[in-house]
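J.: The structure's right below; bear with me while I get my questions together.
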Amino acid sequence: MEWMKKVKMAADRAREEVHDIVTEPKKQLKRITDEIRPRMAEEDFVEYDLDRWMGEITQLNADIKIISSTIVIESGDECEWKRMIKVRKMEHQSHVSESPHRSEKRDSEVKQFDFNKLKEKPQRQITVDGDYGSMGVSDMTLLYCGKDTLCLTDRTGHKTNTLQSGGLAVWDICWSSFLDRFLIVTPRTLRSLNVQTKEVTQIKQVSDKNKADFCRCTCSNQTLLVSFEHRGSVVEEWNMSGEWKMMRRWQPPVSCQQNEWICEIGFSCDGSRIGVAVWVDDQYDQVQVRDRSMNILNNITFPCHLAFGYFLLSLPSGQWLTHEVKNKELRIIDGDGILQQTLTYDKSVRTTALLGQRCLVIRTNDNELCFHDLC
């Protein structure tokens, strides 16, 4: 009979919904296992990783114990057959949180960088090609430029994926944890890369062809800063939530002086400070620490050797790692903009990135990626 078929269809649909609910923890466990196994095999983990995995497993165990579903059967003269049986997952507040002890261990761990390890042979090394040295990192993935490609690799240095870049001139790359995407700056466009789907999408709200060329980008939470490549560089602040709105636009003399170029800009890891590198050709380079309103808190002036300026890398300890392009000297600056230490690497440095809170990746001028575990 017709009504029996409809009841069976409703029951089958409810069964599928229940199946989706009860198999969700299994999918999460597989994701955790797929991450742990290769890392264990390569012995590529530290105490922070163990704490994080234990936290995820503890949370998963708690979720399994509290999984509950409620079946609601509607009855009446006007029964809606498609929703005759409703299944929903009861939401429970998580009781697993990061303990203060674990946070303290993480804080102490990231502060124990041993920069003397840069004098040792890299733990891993990759030969790369291409004219663009830009790199960006998420928690576990490094995105770098090859010849007409964008390459994804993990902390072990194993290449995991290669994407055709379509000949894009990639000026800069940064990771947005808010969007869960890499952001890629070319001279005229801003694009996002979804690591899971490998889809590259142009962000049209920011990619305005009537503006000057983009130069650098940096993210903190839902805020994006982009700078432009010209004397008297302009800096724009964008809110990445919703429709992408420009919140502020700094021009000289606030962004920089009219004769200066902003060659690098980056948020500190906690988002409270902005590091800016400016240069005036044949005169000087400056590394500046600023507040969120672009007020200069401190600056260090270096002699100008090349027309490329300095690069900046924010460290979890609140420090900055800075270097002149194609130079062997690496300088450590504290959160207040005071020079603390100068190191000499054995090769000329092109760009740097910090992968997994402890692994410094150096792209050398002879196109090698060198992975140094600093703690």
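Scheme for the structure tokens: letters A, B, ... for chains in order shown; per-chain residue numbers from 1; ligand numbers from 1 in order shown.
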Can you pull out the residues contacting stretch 329-333 of chain A? Cut-off 7 Å, using only C-alpha atoms, and skip same-chain residues under 2 positions away; I want them as JSON, numbers by chain.
T.: {"A": [319, 320, 321, 322, 323, 327, 335, 337, 338, 339, 340, 341, 342, 343, 344, 345]}
J.: Near A:Val234, counting only C-alpha atoms, which residues have an atom at most 8 Å away, once you skip same-chain residues fewer than 4 positions from it, shown as a ChimeraX atom specification?
T.: /A:227-228,249-252,255-256
J.: I need the chosen residues saved as a PDB file, in the first residue's frame, with all heavy atoms.
T.:
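Contents of the output file again.pdb:
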```
ATOM      1  N   SER A 227      49.891  45.630   1.583  1.00  0.00           N
ATOM      2  CA  SER A 227      50.657  46.825   1.237  1.00  0.00           C
ATOM      3  C   SER A 227      50.843  46.874  -0.271  1.00  0.00           C
ATOM      4  O   SER A 227      50.679  45.866  -0.969  1.00  0.00           O
ATOM      5  CB  SER A 227      52.016  46.818   1.944  1.00  0.00           C
ATOM      6  OG  SER A 227      52.819  45.745   1.479  1.00  0.00           O
ATOM      7  N   PHE A 228      51.213  48.067  -0.766  1.00  0.00           N
ATOM      8  CA  PHE A 228      51.333  48.274  -2.204  1.00  0.00           C
ATOM      9  C   PHE A 228      52.763  48.640  -2.569  1.00  0.00           C
ATOM     10  O   PHE A 228      53.484  49.270  -1.788  1.00  0.00           O
ATOM     11  CB  PHE A 228      50.366  49.370  -2.663  1.00  0.00           C
ATOM     12  CG  PHE A 228      48.921  48.964  -2.548  1.00  0.00           C
ATOM     13  CD1 PHE A 228      48.241  49.103  -1.347  1.00  0.00           C
ATOM     14  CD2 PHE A 228      48.254  48.415  -3.623  1.00  0.00           C
ATOM     15  CE1 PHE A 228      46.915  48.718  -1.229  1.00  0.00           C
ATOM     16  CE2 PHE A 228      46.930  48.026  -3.522  1.00  0.00           C
ATOM     17  CZ  PHE A 228      46.256  48.175  -2.317  1.00  0.00           C
ATOM     18  N   ARG A 249      42.669  52.721   5.703  1.00  0.00           N
ATOM     19  CA  ARG A 249      43.659  52.866   4.630  1.00  0.00           C
ATOM     20  C   ARG A 249      44.680  53.906   5.082  1.00  0.00           C
ATOM     21  O   ARG A 249      44.357  55.080   5.256  1.00  0.00           O
ATOM     22  CB  ARG A 249      42.982  53.293   3.329  1.00  0.00           C
ATOM     23  CG  ARG A 249      43.870  53.160   2.095  1.00  0.00           C
ATOM     24  CD  ARG A 249      43.036  53.345   0.824  1.00  0.00           C
ATOM     25  NE  ARG A 249      43.771  52.945  -0.362  1.00  0.00           N
ATOM     26  CZ  ARG A 249      44.450  53.788  -1.128  1.00  0.00           C
ATOM     27  NH1 ARG A 249      44.480  55.082  -0.828  1.00  0.00           N
ATOM     28  NH2 ARG A 249      45.092  53.348  -2.202  1.00  0.00           N
ATOM     29  N   TRP A 250      45.923  53.451   5.284  1.00  0.00           N
ATOM     30  CA  TRP A 250      46.973  54.346   5.756  1.00  0.00           C
ATOM     31  C   TRP A 250      47.813  54.822   4.576  1.00  0.00           C
ATOM     32  O   TRP A 250      48.250  54.022   3.742  1.00  0.00           O
ATOM     33  CB  TRP A 250      47.871  53.635   6.758  1.00  0.00           C
ATOM     34  CG  TRP A 250      47.210  53.336   8.068  1.00  0.00           C
ATOM     35  CD1 TRP A 250      46.959  54.206   9.095  1.00  0.00           C
ATOM     36  CD2 TRP A 250      46.726  52.062   8.505  1.00  0.00           C
ATOM     37  NE1 TRP A 250      46.355  53.552  10.139  1.00  0.00           N
ATOM     38  CE2 TRP A 250      46.194  52.235   9.810  1.00  0.00           C
ATOM     39  CE3 TRP A 250      46.689  50.788   7.935  1.00  0.00           C
ATOM     40  CZ2 TRP A 250      45.644  51.193  10.534  1.00  0.00           C
ATOM     41  CZ3 TRP A 250      46.134  49.749   8.647  1.00  0.00           C
ATOM     42  CH2 TRP A 250      45.619  49.956   9.937  1.00  0.00           C
ATOM     43  N   GLN A 251      48.058  56.114   4.537  1.00  0.00           N
ATOM     44  CA  GLN A 251      48.886  56.728   3.504  1.00  0.00           C
ATOM     45  C   GLN A 251      50.043  57.466   4.174  1.00  0.00           C
ATOM     46  O   GLN A 251      50.029  57.678   5.389  1.00  0.00           O
ATOM     47  CB  GLN A 251      48.045  57.696   2.664  1.00  0.00           C
ATOM     48  CG  GLN A 251      46.913  57.027   1.898  1.00  0.00           C
ATOM     49  CD  GLN A 251      46.054  58.033   1.152  1.00  0.00           C
ATOM     50  OE1 GLN A 251      45.527  58.978   1.740  1.00  0.00           O
ATOM     51  NE2 GLN A 251      45.921  57.840  -0.144  1.00  0.00           N
ATOM     52  N   PRO A 252      51.055  57.880   3.400  1.00  0.00           N
ATOM     53  CA  PRO A 252      52.128  58.685   3.985  1.00  0.00           C
ATOM     54  C   PRO A 252      51.554  59.965   4.601  1.00  0.00           C
ATOM     55  O   PRO A 252      50.570  60.505   4.082  1.00  0.00           O
ATOM     56  CB  PRO A 252      53.028  59.001   2.785  1.00  0.00           C
ATOM     57  CG  PRO A 252      52.755  57.893   1.817  1.00  0.00           C
ATOM     58  CD  PRO A 252      51.304  57.569   1.991  1.00  0.00           C
ATOM     59  N   SER A 255      51.700  55.595   6.913  1.00  0.00           N
ATOM     60  CA  SER A 255      52.141  54.277   6.439  1.00  0.00           C
ATOM     61  C   SER A 255      53.661  54.223   6.347  1.00  0.00           C
ATOM     62  O   SER A 255      54.295  53.254   6.774  1.00  0.00           O
ATOM     63  CB  SER A 255      51.509  53.960   5.087  1.00  0.00           C
ATOM     64  OG  SER A 255      51.854  54.948   4.124  1.00  0.00           O
ATOM     65  N   CYS A 256      54.248  55.248   5.777  1.00  0.00           N
ATOM     66  CA  CYS A 256      55.697  55.418   5.673  1.00  0.00           C
ATOM     67  C   CYS A 256      55.936  56.825   5.140  1.00  0.00           C
ATOM     68  O   CYS A 256      54.984  57.552   4.845  1.00  0.00           O
ATOM     69  CB  CYS A 256      56.327  54.355   4.764  1.00  0.00           C
ATOM     70  SG  CYS A 256      55.762  54.432   3.045  1.00  0.00           S
TER      71      CYS A 256
END
```
J.: Which residues in stretch 173-270 of chain A does DSSP call strand (DSSP E)? List them as a PyMOL selection string.
T.: chain A and resi 173-176+181-185+190-194+199-202+214-220+223-228+235-239+245-250+261-267
J.: I'd like the interatomic distance between atom CA of A:Arg350 and atom CA of A:Asn194, to a tenth of an Å.
T.: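 Atom CA of A:Asn194 lies at a distance of 25.9 Å from atom CA of A:Arg350.
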J.: Of the residues A:Asp208, A:Ser134, A:Ser165, A:Pro303, which is the one nearest to A:Lys147, using only C-alpha atoms?
T.: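 Checking each candidate against A:Lys147, we get A:Ser165 as the closest.
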J.: Check the smallest atom-to-atom distance from each of A:Glu243, A:Asp336, A:Glu237, A:Asp131 to A:Arg273 using only C-alpha atoms, then report the winner.
T.: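 So, comparing all the options, the nearest one is A:Asp336.
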